[in-house]
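Notes follow the structure.
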Amino acid sequence: MKPTLDPEIHARRRRRLMRRIGKTGIAILPTAPVCYRNRDADYPYRPDSDFYYLTGFPEPEACLVMVPGHPEGEVWLFVRPRDPEQETWTGRRAGVEGALRDYGADVAHPINELDQRMPELLSHRRRVYFPLGRDPAFDRRVGEWLNQLRAKTRSGVHVPTEFVALDHLIHEQRLIKGREELRLMKQAAEISMEAHRRAMRACQPGMMEYQLEAEYLHTFRRHGAVPAYNTIVAGGANACILHYTNNDQPLQAGDLVLIDAGAEYGLYAADITRTFPVDGRFRPAQREIYQLVLEAQRAAIAAVRPGNPWNAPHEAAVHVLTEGLVAIGLLEGEVEALIADQAYRRFYMHRTGHWLGMDVHDVGEYKEGDDWRTLKPGMVLTVEPGLYLGEERDIPRRYRGIGVRIEDDVVVTRDGCRVLTEALPKTIDDIEALMAS
């Protein structure tokens with residue numbers, strides 16, 4: 001994997017973070033470990049999002065240390081050294097030289113020197129910023145470095161006295177996306193939309209869910225992307241299982257199929273859901289439910305604008321859905337009272353969106369204190385209302401087993417919002433026309 005952003009972008013991020021850390025602080029951030037699928041077969045490697053955000057460094061067994069004001073340099077990278085024999089088996093490494101040349105390190109050392117050098121870097125620092133609690137083994141390692149310093153206090157060595165979770169500072173930076181990040185997210189969205197169109201055209205009764213999933217995998221890999229998360233292909237009543245990923249059932253004529261699938265491109269994710277008829281034509285009851293969800297999504301997207309609270313899109317969607325559920329007889333009572341009692345949650349049990357970025361459920365707080373945080377330009381979120389009508393006997397037969405979700409990726413702009421995935425058909429007429437083409 002090559003860097004997908006200019007190294008200066010990562011450098012600017014580090015400088016901004018180091019201003020928050022200050023001259024008395026030190027930040028330590030390891031990347032993600034290699035994960036094994038079984039025995040000696042490992043999953044394709046993906047670096048830790050926070051680590052990559054600050055470095056662009058794609059390899060495992062690496063650690064970033066930021067030491068503001070240090071005379072030797074402020075940015076230290078510990079990486080795997082070059083090893084011709086190992087590189088024959090597993091691919092080229094950047095090595096210490098590459099960390100200095102290509103990834104903006106002021107100082108670089110082999111990763112096996114981390115334990116040796118960290119006590120000295122920690123000495124005379126008051127605050128230690130690191131991802132507390134994320135990896136118990138790494139927490140213990142930091143503790144061992146500090147214990148080495150404590151053993152030398154009589155010789156005048158100072159030991160840090162404050163420990164601060166680094167995650168929060170990085171995540172607040174990551175929440176507001178820059179122009180270059182939005183470019184990658186738009187590309188991820190374009191690849192994902194192409195995959196959804198391909199699946200709609202390919203879908204026919206008798207296919208297996210996994211065969212439809214294959215259309216997405218083909219498109220993602222053809223464009224140098226990977227799935228951003230496990231693809232959901234849920235035919236019929238399987239759509240009422242929110243995180244259904246078995247994808248092993250046949251698709252039946254007369255059913256809907258709900259597909260939640262997005263590409264990750266340059267380590268930035270798209271997240272799209274479309275629901276469409278397996279045989280290309282919506283039945284009357286399916287039209288009712290689908291149109292209701294679509295109207296709820298439109299209301300929610302209209303509520304995405306700077307100055308609005310995070311919860312405004314959810315409240316807008318809930319209001320439309322509750323009104324609609326009353327109109328078709330699935331709920332009884334006054335709309336506002338039903339909302340207050342959360343009666344809609346039987347049929348709509350999740351929230352209307354989440355942050356989107358390097359992680360599908362991206363980082364960033366949803367509240368500031370007790371209040372929902374205010375939407376600001378550069379934030380990216382999904383808008384994904386749905387209705388899930390199970391097969392219980394008290395649900396009218398015509399609605400049983402219908403699950404519908406419609407999800408798009410939305411950027412908050414200065415004067416409203418921009419839907420990155422707007423070009424993907426989602427009206428009933430447009431979906432039917434695409435499937436017939």
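Labeling convention for the structure tokens: chains A, B, ... as they appear, residues from 1 per chain, ligands from 1 in order of appearance.
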Could the residues of region 350-419 of chain A that have an atom at most 10 Å from region 300-307 of chain A be listed as JSON lines, each with its closest atom pair and the distance in Å to one decimal, counting only C-alpha atoms and ordered by chain and ascending residue number?
```
{"residue": "A:Thr352", "atom": "CA", "partner": "A:Ala300", "partner_atom": "CA", "distance": 8.0}
{"residue": "A:Gly353", "atom": "CA", "partner": "A:Ala300", "partner_atom": "CA", "distance": 9.6}
{"residue": "A:Arg373", "atom": "CA", "partner": "A:Gly307", "partner_atom": "CA", "distance": 9.2}
{"residue": "A:Thr374", "atom": "CA", "partner": "A:Gly307", "partner_atom": "CA", "distance": 5.5}
{"residue": "A:Leu375", "atom": "CA", "partner": "A:Pro306", "partner_atom": "CA", "distance": 4.9}
{"residue": "A:Lys376", "atom": "CA", "partner": "A:Pro306", "partner_atom": "CA", "distance": 4.8}
{"residue": "A:Pro377", "atom": "CA", "partner": "A:Pro306", "partner_atom": "CA", "distance": 6.3}
{"residue": "A:Gly378", "atom": "CA", "partner": "A:Pro306", "partner_atom": "CA", "distance": 9.6}
{"residue": "A:Met379", "atom": "CA", "partner": "A:Pro306", "partner_atom": "CA", "distance": 9.4}
{"residue": "A:Leu381", "atom": "CA", "partner": "A:Val304", "partner_atom": "CA", "distance": 9.1}
{"residue": "A:Thr382", "atom": "CA", "partner": "A:Ile301", "partner_atom": "CA", "distance": 9.3}
{"residue": "A:Val383", "atom": "CA", "partner": "A:Ile301", "partner_atom": "CA", "distance": 6.7}
{"residue": "A:Glu384", "atom": "CA", "partner": "A:Ala300", "partner_atom": "CA", "distance": 8.7}
{"residue": "A:Pro385", "atom": "CA", "partner": "A:Ala300", "partner_atom": "CA", "distance": 8.3}
{"residue": "A:Asp408", "atom": "CA", "partner": "A:Ile301", "partner_atom": "CA", "distance": 9.1}
{"residue": "A:Asp409", "atom": "CA", "partner": "A:Ile301", "partner_atom": "CA", "distance": 9.8}
{"residue": "A:Val410", "atom": "CA", "partner": "A:Ile301", "partner_atom": "CA", "distance": 7.8}
{"residue": "A:Val411", "atom": "CA", "partner": "A:Val304", "partner_atom": "CA", "distance": 8.5}
{"residue": "A:Val412", "atom": "CA", "partner": "A:Arg305", "partner_atom": "CA", "distance": 5.9}
{"residue": "A:Thr413", "atom": "CA", "partner": "A:Arg305", "partner_atom": "CA", "distance": 7.0}
{"residue": "A:Arg414", "atom": "CA", "partner": "A:Pro306", "partner_atom": "CA", "distance": 6.6}
{"residue": "A:Asp415", "atom": "CA", "partner": "A:Arg305", "partner_atom": "CA", "distance": 6.8}
{"residue": "A:Gly416", "atom": "CA", "partner": "A:Arg305", "partner_atom": "CA", "distance": 4.2}
{"residue": "A:Cys417", "atom": "CA", "partner": "A:Arg305", "partner_atom": "CA", "distance": 5.8}
{"residue": "A:Arg418", "atom": "CA", "partner": "A:Val304", "partner_atom": "CA", "distance": 9.1}
{"residue": "A:Val419", "atom": "CA", "partner": "A:Ile301", "partner_atom": "CA", "distance": 8.4}
```
Residues within 10 Å of Glu59 (chain A), only C-alpha atoms, excluding chain neighbours under 6 positions, as a list in words: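 Close residues of Glu59 (chain A): Met1, Thr31, Ala32, Pro33, Val34, Tyr45, Arg46, Pro47, Asp48, Tyr52, Val79, Arg80, Arg92, Arg93, Ala94 and Gly95 of chain A.
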Polymer residues at most 9 Å from Gly206 (chain A), only C-alpha atoms, same-chain spacing of 6 or more positions, as a list in words: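 The contact residues come out as Pro250, Leu251, Gln252 and Ala253 of chain A.
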Pick from A:Leu389, A:Ala423, A:Ile21, A:Ile328 nearest to Met193 (chain A), counting only C-alpha atoms: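 The shortest atom-to-atom distance to Met193 (chain A) comes from A:Ala423.
Of note, CA of Ala189 (chain A) and CA of Glu264 (chain A) are spaced 8.8 Å apart.
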9 Å contact set for Glu365 (chain A), only C-alpha atoms, chain neighbours under 6 positions out, as number ranges by chain: A: 168, 171-172, 175, 373
Pick from A:Tyr366, A:Tyr216, A:Tyr268, A:Tyr43, whichever lies nearest to Asn311 (chain A) using only C-alpha atoms: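 Smallest distance to Asn311 (chain A) is found for A:Tyr366.
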Secondary structure check, strand (DSSP E or B) residues of region 78-242 of chain A, as a ChimeraX atom specification: /A:78-79,107-110,127-130,162-165,208,226-227,232-235
